[in-house]
file structure_28.pdb (PDB, C-alpha atoms)
ATOM      1  CA  MET A   7       0.000   0.000   0.000
ATOM      2  CA  HIS A   8       1.046   3.546  -0.686
ATOM      3  CA  ALA A   9       0.320   6.727   1.265
ATOM      4  CA  ILE A  10       0.991  10.391   0.726
ATOM      5  CA  VAL A  11       1.732  12.741   3.618
ATOM      6  CA  ILE A  12       0.854  16.372   2.915
ATOM      7  CA  ASP A  13       2.143  18.899   5.446
ATOM      8  CA  ASP A  14       4.246  22.038   5.129
ATOM      9  CA  SER A  15       6.259  21.026   8.193
ATOM     10  CA  ARG A  16       9.133  18.697   7.420
ATOM     11  CA  ALA A  17       9.106  17.527  11.031
ATOM     12  CA  MET A  18       5.442  16.589  10.848
ATOM     13  CA  ARG A  19       5.918  14.811   7.528
ATOM     14  CA  LEU A  20       8.714  12.811   9.114
ATOM     15  CA  ILE A  21       6.591  11.856  12.125
ATOM     16  CA  LEU A  22       3.682  10.764   9.938
ATOM     17  CA  ARG A  23       5.988   8.967   7.523
ATOM     18  CA  ARG A  24       7.407   6.931  10.412
ATOM     19  CA  ILE A  25       3.952   5.926  11.587
ATOM     20  CA  ALA A  26       2.728   4.973   8.125
ATOM     21  CA  THR A  27       5.921   3.115   7.276
ATOM     22  CA  GLN A  28       5.755   1.053  10.456
ATOM     23  CA  ILE A  29       2.351  -0.304   9.478
ATOM     24  CA  GLY A  30       3.467  -1.159   5.974
ATOM     25  CA  PHE A  31       2.888   1.871   3.772
ATOM     26  CA  GLU A  32       5.313   3.158   1.191
ATOM     27  CA  VAL A  33       5.162   6.910   1.664
ATOM     28  CA  LEU A  34       5.249   9.891  -0.663
ATOM     29  CA  GLU A  35       5.480  13.440   0.666
ATOM     30  CA  ALA A  36       4.191  16.835  -0.421
ATOM     31  CA  GLU A  37       4.533  20.271   1.169
ATOM     32  CA  HIS A  38       1.064  21.497   0.165
ATOM     33  CA  GLY A  39      -2.057  20.435  -1.626
ATOM     34  CA  GLN A  40      -1.016  21.532  -5.089
ATOM     35  CA  GLU A  41       2.254  19.642  -4.883
ATOM     36  CA  ALA A  42       0.307  16.576  -3.806
ATOM     37  CA  LEU A  43      -2.055  16.912  -6.775
ATOM     38  CA  ASP A  44       0.954  17.217  -9.073
ATOM     39  CA  ILE A  45       2.424  14.023  -7.605
ATOM     40  CA  LEU A  46      -0.909  12.201  -7.833
ATOM     41  CA  ALA A  47      -1.296  13.198 -11.492
ATOM     42  CA  THR A  48       1.472  10.759 -12.377
ATOM     43  CA  ALA A  49       1.417   8.395  -9.406
ATOM     44  CA  ASP A  50       1.165   4.716 -10.219
ATOM     45  CA  PRO A  51      -0.275   3.197  -8.224
ATOM     46  CA  ILE A  52      -2.399   5.932  -6.733
ATOM     47  CA  PRO A  53      -1.867   6.005  -2.974
ATOM     48  CA  THR A  54      -4.530   4.352  -0.883
ATOM     49  CA  LEU A  55      -4.231   6.941   1.871
ATOM     50  CA  ALA A  56      -3.579  10.664   2.204
ATOM     51  CA  LEU A  57      -2.708  12.235   5.569
ATOM     52  CA  ILE A  58      -3.494  15.915   5.152
ATOM     53  CA  ASP A  59      -2.668  19.032   7.138
ATOM     54  CA  TRP A  60      -5.148  21.915   6.904
ATOM     55  CA  ASN A  61      -3.087  25.106   7.082
ATOM     56  CA  MET A  62      -0.549  25.048   4.271
ATOM     57  CA  PRO A  63       0.674  27.566   1.699
ATOM     58  CA  VAL A  64      -0.397  27.463  -1.963
ATOM     59  CA  MET A  65      -3.280  25.002  -1.461
ATOM     60  CA  ASN A  66      -4.673  24.125   1.946
ATOM     61  CA  GLY A  67      -5.914  20.750   3.037
ATOM     62  CA  LEU A  68      -9.599  21.462   2.600
ATOM     63  CA  GLU A  69      -9.026  22.643  -0.967
ATOM     64  CA  PHE A  70      -7.046  19.479  -1.604
ATOM     65  CA  VAL A  71      -9.886  17.294  -0.325
ATOM     66  CA  VAL A  72     -12.340  19.090  -2.608
ATOM     67  CA  ALA A  73     -10.002  18.657  -5.584
ATOM     68  CA  VAL A  74      -9.508  14.952  -4.925
ATOM     69  CA  ARG A  75     -13.222  14.344  -4.591
ATOM     70  CA  ALA A  76     -13.775  16.091  -7.928
ATOM     71  CA  ASP A  77     -11.357  13.746  -9.708
ATOM     72  CA  PRO A  78     -12.832  10.330 -10.560
ATOM     73  CA  ARG A  79      -9.335   8.894 -10.936
ATOM     74  CA  LEU A  80      -8.697   9.542  -7.230
ATOM     75  CA  ARG A  81     -12.042   8.385  -5.874
ATOM     76  CA  GLY A  82     -10.538   5.342  -4.181
ATOM     77  CA  MET A  83      -8.285   7.339  -1.902
ATOM     78  CA  THR A  84      -8.948   7.456   1.822
ATOM     79  CA  LEU A  85      -8.476  10.986   3.126
ATOM     80  CA  MET A  86      -7.521  11.673   6.744
ATOM     81  CA  MET A  87      -7.116  15.219   7.983
ATOM     82  CA  VAL A  88      -4.292  15.617  10.534
ATOM     83  CA  THR A  89      -4.449  19.194  11.706
ATOM     84  CA  THR A  90      -4.553  21.698  14.536
ATOM     85  CA  GLU A  91      -7.965  22.914  13.358
ATOM     86  CA  SER A  92     -10.140  21.481  16.110
ATOM     87  CA  GLU A  93     -13.321  23.538  15.904
ATOM     88  CA  GLN A  94     -16.416  21.427  15.329
ATOM     89  CA  SER A  95     -17.387  23.618  12.376
ATOM     90  CA  ASN A  96     -14.122  22.860  10.595
ATOM     91  CA  ILE A  97     -14.378  19.138  11.293
ATOM     92  CA  VAL A  98     -17.860  19.172   9.781
ATOM     93  CA  ARG A  99     -16.588  21.148   6.755
ATOM     94  CA  ALA A 100     -13.801  18.661   6.114
ATOM     95  CA  LEU A 101     -16.000  15.597   6.484
ATOM     96  CA  ALA A 102     -18.688  17.177   4.305
ATOM     97  CA  ALA A 103     -16.060  17.888   1.645
ATOM     98  CA  GLY A 104     -15.102  14.225   1.554
ATOM     99  CA  ALA A 105     -12.530  13.528   4.263
ATOM    100  CA  HIS A 106     -13.030  10.135   5.909
ATOM    101  CA  GLU A 107     -11.361  10.803   9.234
ATOM    102  CA  TYR A 108     -10.102  13.703  11.298
ATOM    103  CA  VAL A 109      -7.215  13.736  13.781
ATOM    104  CA  VAL A 110      -6.338  16.813  15.820
ATOM    105  CA  LYS A 111      -2.706  17.648  16.587
ATOM    106  CA  PRO A 112      -1.005  16.882  18.854
ATOM    107  CA  PHE A 113      -1.525  13.179  18.342
ATOM    108  CA  THR A 114       0.181  10.016  19.456
ATOM    109  CA  PRO A 115       1.220   7.404  16.904
ATOM    110  CA  ASP A 116      -1.322   5.012  18.390
ATOM    111  CA  ALA A 117      -4.113   7.512  17.782
ATOM    112  CA  ILE A 118      -3.277   7.577  14.072
ATOM    113  CA  VAL A 119      -3.012   3.802  13.885
ATOM    114  CA  GLU A 120      -6.330   3.337  15.695
ATOM    115  CA  LYS A 121      -8.058   5.634  13.198
ATOM    116  CA  LEU A 122      -6.455   3.763  10.303
ATOM    117  CA  ALA A 123      -7.564   0.459  11.806
ATOM    118  CA  LEU A 124     -11.141   1.734  11.900
ATOM    119  CA  LEU A 125     -10.773   2.475   8.187
ATOM    120  CA  GLY A 126      -9.367  -0.983   7.536
ATOM    121  CA  LEU A 127      -5.936   0.394   6.684
ATOM    122  CA  ALA A 128      -4.030  -0.912   9.708
ATOM    123  CA  PRO A 129      -4.195  -4.171  11.605
ATOM    124  CA  SER A 130      -6.515  -3.891  14.580
ATOM    125  CA  GLY A 131      -4.456  -3.626  17.748
ATOM    126  CA  ALA A 132      -1.327  -2.538  15.867
ATOM    127  CA  SER A 133       0.873   0.115  17.391
ATOM    128  CA  ALA A 134       3.435   2.406  15.798
TER     129      ALA A 134
ATOM    130  CA  MET B   6     -12.281  43.502  20.939
ATOM    131  CA  SER B   7     -11.817  42.058  24.377
ATOM    132  CA  ILE B   8     -13.042  38.730  25.541
ATOM    133  CA  SER B   9     -14.388  37.913  28.946
ATOM    134  CA  THR B  10     -13.093  34.355  28.878
ATOM    135  CA  GLY B  11     -10.237  32.819  27.001
ATOM    136  CA  PRO B  12      -7.152  30.733  27.423
ATOM    137  CA  THR B  13      -5.436  30.808  30.791
ATOM    138  CA  SER B  14      -1.951  29.863  31.888
ATOM    139  CA  GLU B  15      -3.408  26.557  33.048
ATOM    140  CA  ASP B  16      -4.782  25.954  29.546
ATOM    141  CA  LEU B  17      -1.326  26.660  28.115
ATOM    142  CA  ARG B  18       0.200  24.200  30.583
ATOM    143  CA  VAL B  19      -2.181  21.434  29.535
ATOM    144  CA  ILE B  20      -1.610  22.122  25.830
ATOM    145  CA  ALA B  21       2.178  22.352  26.154
ATOM    146  CA  GLU B  22       2.441  19.194  28.219
ATOM    147  CA  GLU B  23       0.383  17.333  25.618
ATOM    148  CA  VAL B  24       2.630  18.617  22.830
ATOM    149  CA  TRP B  25       5.733  17.597  24.727
ATOM    150  CA  ALA B  26       4.332  14.162  25.516
ATOM    151  CA  SER B  27       3.342  13.630  21.883
ATOM    152  CA  TYR B  28       6.371  14.951  20.036
ATOM    153  CA  LEU B  29       9.269  16.135  22.160
ATOM    154  CA  ASP B  30       9.335  13.744  25.089
ATOM    155  CA  PRO B  31       7.214  10.698  24.250
ATOM    156  CA  GLU B  32       9.244   8.521  26.613
ATOM    157  CA  GLY B  33       8.770  10.895  29.531
ATOM    158  CA  ILE B  34      12.504  11.321  30.014
ATOM    159  CA  ARG B  35      12.784  15.085  29.505
ATOM    160  CA  PRO B  36       9.446  16.641  30.459
ATOM    161  CA  LEU B  37       8.710  20.333  30.349
ATOM    162  CA  LEU B  38       9.376  21.713  33.838
ATOM    163  CA  LEU B  39       7.222  24.499  35.166
ATOM    164  CA  ASP B  40       9.791  25.841  37.568
ATOM    165  CA  TYR B  41      10.972  28.761  35.499
ATOM    166  CA  SER B  42      10.700  32.109  37.206
ATOM    167  CA  PRO B  43       8.608  34.580  35.174
ATOM    168  CA  ASP B  44      11.021  37.278  36.289
ATOM    169  CA  GLU B  45      13.779  35.711  34.228
ATOM    170  CA  LYS B  46      12.165  36.684  30.950
ATOM    171  CA  LEU B  47      13.740  35.969  27.662
ATOM    172  CA  ASP B  48      15.083  39.342  26.742
ATOM    173  CA  GLY B  49      15.325  39.223  22.979
ATOM    174  CA  SER B  50      19.043  38.706  23.017
ATOM    175  CA  ASP B  51      20.946  37.109  20.172
ATOM    176  CA  GLY B  52      20.333  33.641  21.558
ATOM    177  CA  GLU B  53      16.548  33.817  21.340
ATOM    178  CA  VAL B  54      14.303  32.050  18.853
ATOM    179  CA  SER B  55      10.619  32.817  18.590
ATOM    180  CA  ALA B  56       7.831  31.367  16.497
ATOM    181  CA  ALA B  57       4.368  32.836  16.262
ATOM    182  CA  VAL B  58       1.030  32.233  14.640
ATOM    183  CA  SER B  59      -1.576  34.953  14.292
ATOM    184  CA  VAL B  60      -5.279  34.503  14.914
ATOM    185  CA  THR B  61      -7.712  36.659  12.976
ATOM    186  CA  GLY B  62     -11.473  36.825  13.048
ATOM    187  CA  ALA B  63     -13.700  37.056  16.113
ATOM    188  CA  TRP B  64     -10.528  37.323  18.192
ATOM    189  CA  ARG B  65      -7.287  38.854  16.996
ATOM    190  CA  GLY B  66      -3.850  38.301  18.370
ATOM    191  CA  HIS B  67      -0.869  35.996  18.410
ATOM    192  CA  VAL B  68       0.401  32.861  20.068
ATOM    193  CA  VAL B  69       4.152  33.035  20.559
ATOM    194  CA  VAL B  70       6.639  30.335  21.508
ATOM    195  CA  ALA B  71      10.002  31.797  22.537
ATOM    196  CA  CYS B  72      13.063  29.973  23.754
ATOM    197  CA  THR B  73      16.811  30.021  23.725
ATOM    198  CA  SER B  74      18.771  28.821  20.735
ATOM    199  CA  ALA B  75      19.844  25.784  22.744
ATOM    200  CA  ALA B  76      16.263  24.789  23.535
ATOM    201  CA  SER B  77      15.240  25.306  19.912
ATOM    202  CA  LYS B  78      17.989  22.945  18.773
ATOM    203  CA  HIS B  79      16.819  20.294  21.234
ATOM    204  CA  ALA B  80      13.294  20.693  19.862
ATOM    205  CA  ALA B  81      14.454  20.337  16.275
ATOM    206  CA  ALA B  82      16.586  17.312  17.113
ATOM    207  CA  ALA B  83      13.678  15.623  18.889
ATOM    208  CA  LEU B  84      11.102  16.381  16.212
ATOM    209  CA  LEU B  85      13.311  15.474  13.289
ATOM    210  CA  GLY B  86      15.033  12.553  14.955
ATOM    211  CA  ILE B  87      18.535  13.866  14.275
ATOM    212  CA  GLY B  88      21.579  14.540  16.391
ATOM    213  CA  LEU B  89      21.998  17.872  18.112
ATOM    214  CA  ASP B  90      25.154  18.588  16.130
ATOM    215  CA  ASP B  91      23.286  18.036  12.870
ATOM    216  CA  VAL B  92      20.605  20.649  13.564
ATOM    217  CA  GLY B  93      20.692  23.588  11.168
ATOM    218  CA  GLY B  94      18.811  26.845  10.935
ATOM    219  CA  ASP B  95      16.148  25.406   8.628
ATOM    220  CA  ASP B  96      15.571  22.577  11.093
ATOM    221  CA  VAL B  97      15.060  25.048  13.942
ATOM    222  CA  ALA B  98      12.660  27.148  11.873
ATOM    223  CA  ASP B  99      10.640  24.103  10.840
ATOM    224  CA  ALA B 100      10.465  22.643  14.340
ATOM    225  CA  LEU B 101       9.640  25.866  16.202
ATOM    226  CA  GLY B 102       7.149  26.822  13.530
ATOM    227  CA  GLU B 103       5.325  23.534  13.910
ATOM    228  CA  LEU B 104       5.321  23.851  17.704
ATOM    229  CA  ALA B 105       3.755  27.301  17.382
ATOM    230  CA  ASN B 106       1.256  25.933  14.872
ATOM    231  CA  VAL B 107       0.143  23.069  17.106
ATOM    232  CA  ILE B 108       0.028  25.128  20.297
ATOM    233  CA  GLY B 109      -1.632  28.030  18.473
ATOM    234  CA  GLY B 110      -4.241  25.781  16.921
ATOM    235  CA  ASN B 111      -5.176  24.404  20.307
ATOM    236  CA  VAL B 112      -5.302  27.888  21.804
ATOM    237  CA  LYS B 113      -7.535  28.985  18.926
ATOM    238  CA  SER B 114     -10.019  26.292  19.904
ATOM    239  CA  LEU B 115     -10.499  28.171  23.193
ATOM    240  CA  LEU B 116     -11.197  31.494  21.488
ATOM    241  CA  PRO B 117     -14.407  32.874  19.966
ATOM    242  CA  GLU B 118     -15.325  31.522  16.532
ATOM    243  CA  PRO B 119     -14.984  32.048  13.686
ATOM    244  CA  SER B 120     -11.285  32.665  13.490
ATOM    245  CA  ALA B 121      -8.400  31.677  11.263
ATOM    246  CA  LEU B 122      -4.843  30.676  12.040
ATOM    247  CA  SER B 123      -1.930  32.029  10.022
ATOM    248  CA  LEU B 124       1.059  30.043   8.896
ATOM    249  CA  PRO B 125       3.867  30.195  11.472
ATOM    250  CA  HIS B 126       6.384  33.004  11.451
ATOM    251  CA  VAL B 127       9.796  32.196  12.913
ATOM    252  CA  VAL B 128      12.451  34.681  13.961
ATOM    253  CA  ILE B 129      15.873  33.396  14.895
ATOM    254  CA  ALA B 130      17.919  35.712  17.110
ATOM    255  CA  GLY B 131      15.199  38.311  16.801
ATOM    256  CA  PRO B 132      13.697  40.828  19.175
ATOM    257  CA  SER B 133      11.422  39.713  21.966
ATOM    258  CA  SER B 134       7.676  39.475  21.541
ATOM    259  CA  GLY B 135       7.076  42.708  23.396
ATOM    260  CA  SER B 136       8.819  44.816  20.799
ATOM    261  CA  ARG B 137       7.585  42.814  17.786
ATOM    262  CA  TRP B 138       3.943  43.366  18.680
ATOM    263  CA  PRO B 139       3.587  46.754  20.357
ATOM    264  CA  ALA B 140      -0.221  46.922  20.017
ATOM    265  CA  VAL B 141      -1.019  43.927  22.187
ATOM    266  CA  THR B 142      -1.756  42.948  25.735
ATOM    267  CA  GLU B 143      -0.625  39.654  27.176
ATOM    268  CA  LEU B 144      -3.628  37.459  27.941
ATOM    269  CA  CYS B 145      -1.693  34.628  29.547
ATOM    270  CA  ARG B 146       1.752  33.099  29.667
ATOM    271  CA  LEU B 147       3.437  29.805  30.421
ATOM    272  CA  SER B 148       7.017  29.944  31.619
ATOM    273  CA  ALA B 149       8.915  26.692  31.760
ATOM    274  CA  THR B 150      12.297  25.079  31.319
ATOM    275  CA  TRP B 151      13.417  22.230  29.125
ATOM    276  CA  TYR B 152      16.981  20.942  29.167
ATOM    277  CA  ASP B 153      17.532  23.701  31.754
ATOM    278  CA  GLU B 154      16.693  26.306  29.102
ATOM    279  CA  PRO B 155      13.779  28.749  29.379
ATOM    280  CA  ILE B 156      10.745  28.367  27.159
ATOM    281  CA  VAL B 157       7.879  30.854  27.201
ATOM    282  CA  VAL B 158       4.495  30.477  25.529
ATOM    283  CA  SER B 159       2.382  33.608  25.475
ATOM    284  CA  VAL B 160      -0.995  34.607  24.121
ATOM    285  CA  LEU B 161      -1.081  38.234  22.983
ATOM    286  CA  GLU B 162      -4.381  39.947  22.278
ATOM    287  CA  SER B 163      -4.368  42.775  19.758
ATOM    288  CA  THR B 164      -5.537  46.098  21.081
ATOM    289  CA  SER B 165      -6.117  47.487  17.596
ATOM    290  CA  ARG B 166      -7.167  45.973  14.303
ATOM    291  CA  GLU B 167      -3.926  47.143  12.716
ATOM    292  CA  GLY B 168      -1.927  45.393  15.406
ATOM    293  CA  ALA B 169      -3.078  41.917  14.463
ATOM    294  CA  SER B 170      -0.624  41.272  11.653
ATOM    295  CA  ALA B 171       2.583  39.473  12.528
ATOM    296  CA  ALA B 172       5.696  41.583  12.344
TER     297      ALA B 172
END

call {"tool": "encode", "arguments": {"input": "structure_28.pdb", "output": "structure tokens"}}
result
Amino acid sequence: MHAIVIDDSRAMRLILRRIATQIGFEVLEAEHGQEALDILATADPIPTLALIDWNMPVMNGLEFVVAVRADPRLRGMTLMMVTTESEQSNIVRALAAGAHEYVVKPFTPDAIVEKLALLGLAPSGASA
Amino acid sequence: MSISTGPTSEDLRVIAEEVWASYLDPEGIRPLLLDYSPDEKLDGSDGEVSAAVSVTGAWRGHVVVACTSAASKHAAAALLGIGLDDVGGDDVADALGELANVIGGNVKSLLPEPSALSLPHVVIAGPSSGSRWPAVTELCRLSATWYDEPIVVSVLESTSREGASAA
């Protein structure tokens, strides 16, 4: 399985890459939504999972979710927001736009893995 | 505008301890210590690093994380999983910026909605928060030490609309 981590922080991309790698994903990285779309335009295979920050330059995470949902080629992707935006209204906006899950920073590796397990993308009971 | 309720120093403590437990000290070996005297303020000297995010909307102001250069290097090393000697300026900017982003996002959740969070702004060896944002009042502050180095998190409320933009 492949995943793409989209976050403008190199440190956060590294943390999420470690978690995803430990449960078996091969990981791509992008610094913002537009870079991720550019990568996905030629990705083969298309990643199963995207871990997406909200506040990023160029294209934010919500705009990325909307763009992915508008592209039939990417309809199979599971989208998980991983962000500091914790207001209920923003969670509702992201889920309404097509995100499958929502994790608020700071998070523990186990919190990410548990969410992925609920989505069938990590073994139940796995830990990172 | 002023708010009657908002984040307190206790809120900052809870948020900071969660950030440290998640990213900087997951093993509980080097926790954030709340024994730092507020009188020993970071003074904006050459050794200071600060990262800030601005909040705009129903509440306007800034959340600032300031620390010594030494503490910022420890943070970068911990977040990026690299040795202290390998930490460069870009690493410090990335790490402190993300700390400000995470802490600021959690502070924003305690403020009136709707509001938006800016991207982080990092100043290495820059002036202290007091001189960077003259049109603000300090709403609350957390003073702590990590690796025996001072770290201060402060929430600054803008006293004018023009004062809300990061310097």

call {"tool": "resolve_selection", "arguments": {"input": "structure_28.pdb", "expression": "the PyMOL selection byres ((chain A) within 6 of (chain B))", "output": "number ranges by chain"}}
result
A: 15, 17, 90-91, 93, 112, 114

call {"tool": "residues_around", "arguments": {"input": "structure_28.pdb", "residues": "Val160 of chain B", "least_positions_apart": "2", "cutoff": "9 Å", "atoms": "only C-alpha atoms", "output": "list in words"}}
result
Pro12, Thr13, Leu17, Gly66, His67, Val68, Val69, Gly109, Val112, Thr142, Glu143, Leu144, Cys145, Arg146, Val158 and Glu162 of chain B

call {"tool": "atom_distance", "arguments": {"input": "structure_28.pdb", "atom1": "atom CA of Val64 of chain A", "atom2": "atom CA of Ala130 of chain B"}}
result
27.7 Å

call {"tool": "atom_distance", "arguments": {"input": "structure_28.pdb", "atom1": "atom CA of Met7 of chain A", "atom2": "atom CA of Val33 of chain A"}}
result
8.8 Å

call {"tool": "closest_residue", "arguments": {"input": "structure_28.pdb", "among": "A:Thr54, A:Thr48, A:Gln40, A:Thr89", "to": "Ala26 of chain A", "atoms": "only C-alpha atoms"}}
result
A:Thr54

call {"tool": "residues_around", "arguments": {"input": "structure_28.pdb", "residues": "Thr73 of chain B", "least_positions_apart": "4", "cutoff": "6 Å", "atoms": "only C-alpha atoms", "output": "list in words"}}
result
Gly52, Glu53 and Val54 of chain B

call {"tool": "resolve_selection", "arguments": {"input": "structure_28.pdb", "expression": "the PyMOL selection byres ((chain A and resi 107) around 7)", "output": "NGL selection string"}}
result
:A and (85-87 or 105-106 or 108-109)

call {"tool": "residues_around", "arguments": {"input": "structure_28.pdb", "residues": "segment 115-119 of chain A", "least_positions_apart": "4", "cutoff": "12 Å", "atoms": "only C-alpha atoms", "output": "PyMOL selection string"}}
result
(chain A and resi 18+21-31+57+86-89+107-111+123-134) or (chain B and resi 26-28+31)

call {"tool": "atom_distance", "arguments": {"input": "structure_28.pdb", "atom1": "atom CA of Met83 of chain A", "atom2": "atom CA of His38 of chain A"}}
result
17.1 Å

call {"tool": "resolve_selection", "arguments": {"input": "structure_28.pdb", "expression": "the PyMOL selection byres ((chain A and resi 34) around 12)", "output": "ChimeraX atom specification"}}
result
/A:7-13,19-20,22-24,26-27,31-33,35-37,41-46,49-57

call {"tool": "closest_residue", "arguments": {"input": "structure_28.pdb", "among": "B:Ala75, B:Ala63, B:Ala57, B:Ala80", "to": "Trp138 of chain B", "atoms": "all atoms listed in the file"}}
result
B:Ala57

call {"tool": "decode", "arguments": {"input": "structure_28.pdb", "residues": "segment 29-89 of chain B", "atoms": "C-alpha atoms", "output": "mmCIF file, in the first residue's frame"}}
result
data_model
loop_
_atom_site.group_PDB
_atom_site.id
_atom_site.type_symbol
_atom_site.label_atom_id
_atom_site.label_comp_id
_atom_site.auth_asym_id
_atom_site.auth_seq_id
_atom_site.Cartn_x
_atom_site.Cartn_y
_atom_site.Cartn_z
ATOM 1 C CA LEU B 29 9.269 16.135 22.160
ATOM 2 C CA ASP B 30 9.335 13.744 25.089
ATOM 3 C CA PRO B 31 7.214 10.698 24.250
ATOM 4 C CA GLU B 32 9.244 8.521 26.613
ATOM 5 C CA GLY B 33 8.770 10.895 29.531
ATOM 6 C CA ILE B 34 12.504 11.321 30.014
ATOM 7 C CA ARG B 35 12.784 15.085 29.505
ATOM 8 C CA PRO B 36 9.446 16.641 30.459
ATOM 9 C CA LEU B 37 8.710 20.333 30.349
ATOM 10 C CA LEU B 38 9.376 21.713 33.838
ATOM 11 C CA LEU B 39 7.222 24.499 35.166
ATOM 12 C CA ASP B 40 9.791 25.841 37.568
ATOM 13 C CA TYR B 41 10.972 28.761 35.499
ATOM 14 C CA SER B 42 10.700 32.109 37.206
ATOM 15 C CA PRO B 43 8.608 34.580 35.174
ATOM 16 C CA ASP B 44 11.021 37.278 36.289
ATOM 17 C CA GLU B 45 13.779 35.711 34.228
ATOM 18 C CA LYS B 46 12.165 36.684 30.950
ATOM 19 C CA LEU B 47 13.740 35.969 27.662
ATOM 20 C CA ASP B 48 15.083 39.342 26.742
ATOM 21 C CA GLY B 49 15.325 39.223 22.979
ATOM 22 C CA SER B 50 19.043 38.706 23.017
ATOM 23 C CA ASP B 51 20.946 37.109 20.172
ATOM 24 C CA GLY B 52 20.333 33.641 21.558
ATOM 25 C CA GLU B 53 16.548 33.817 21.340
ATOM 26 C CA VAL B 54 14.303 32.050 18.853
ATOM 27 C CA SER B 55 10.619 32.817 18.590
ATOM 28 C CA ALA B 56 7.831 31.367 16.497
ATOM 29 C CA ALA B 57 4.368 32.836 16.262
ATOM 30 C CA VAL B 58 1.030 32.233 14.640
ATOM 31 C CA SER B 59 -1.576 34.953 14.292
ATOM 32 C CA VAL B 60 -5.279 34.503 14.914
ATOM 33 C CA THR B 61 -7.712 36.659 12.976
ATOM 34 C CA GLY B 62 -11.473 36.825 13.048
ATOM 35 C CA ALA B 63 -13.700 37.056 16.113
ATOM 36 C CA TRP B 64 -10.528 37.323 18.192
ATOM 37 C CA ARG B 65 -7.287 38.854 16.996
ATOM 38 C CA GLY B 66 -3.850 38.301 18.370
ATOM 39 C CA HIS B 67 -0.869 35.996 18.410
ATOM 40 C CA VAL B 68 0.401 32.861 20.068
ATOM 41 C CA VAL B 69 4.152 33.035 20.559
ATOM 42 C CA VAL B 70 6.639 30.335 21.508
ATOM 43 C CA ALA B 71 10.002 31.797 22.537
ATOM 44 C CA CYS B 72 13.063 29.973 23.754
ATOM 45 C CA THR B 73 16.811 30.021 23.725
ATOM 46 C CA SER B 74 18.771 28.821 20.735
ATOM 47 C CA ALA B 75 19.844 25.784 22.744
ATOM 48 C CA ALA B 76 16.263 24.789 23.535
ATOM 49 C CA SER B 77 15.240 25.306 19.912
ATOM 50 C CA LYS B 78 17.989 22.945 18.773
ATOM 51 C CA HIS B 79 16.819 20.294 21.234
ATOM 52 C CA ALA B 80 13.294 20.693 19.862
ATOM 53 C CA ALA B 81 14.454 20.337 16.275
ATOM 54 C CA ALA B 82 16.586 17.312 17.113
ATOM 55 C CA ALA B 83 13.678 15.623 18.889
ATOM 56 C CA LEU B 84 11.102 16.381 16.212
ATOM 57 C CA LEU B 85 13.311 15.474 13.289
ATOM 58 C CA GLY B 86 15.033 12.553 14.955
ATOM 59 C CA ILE B 87 18.535 13.866 14.275
ATOM 60 C CA GLY B 88 21.579 14.540 16.391
ATOM 61 C CA LEU B 89 21.998 17.872 18.112
#
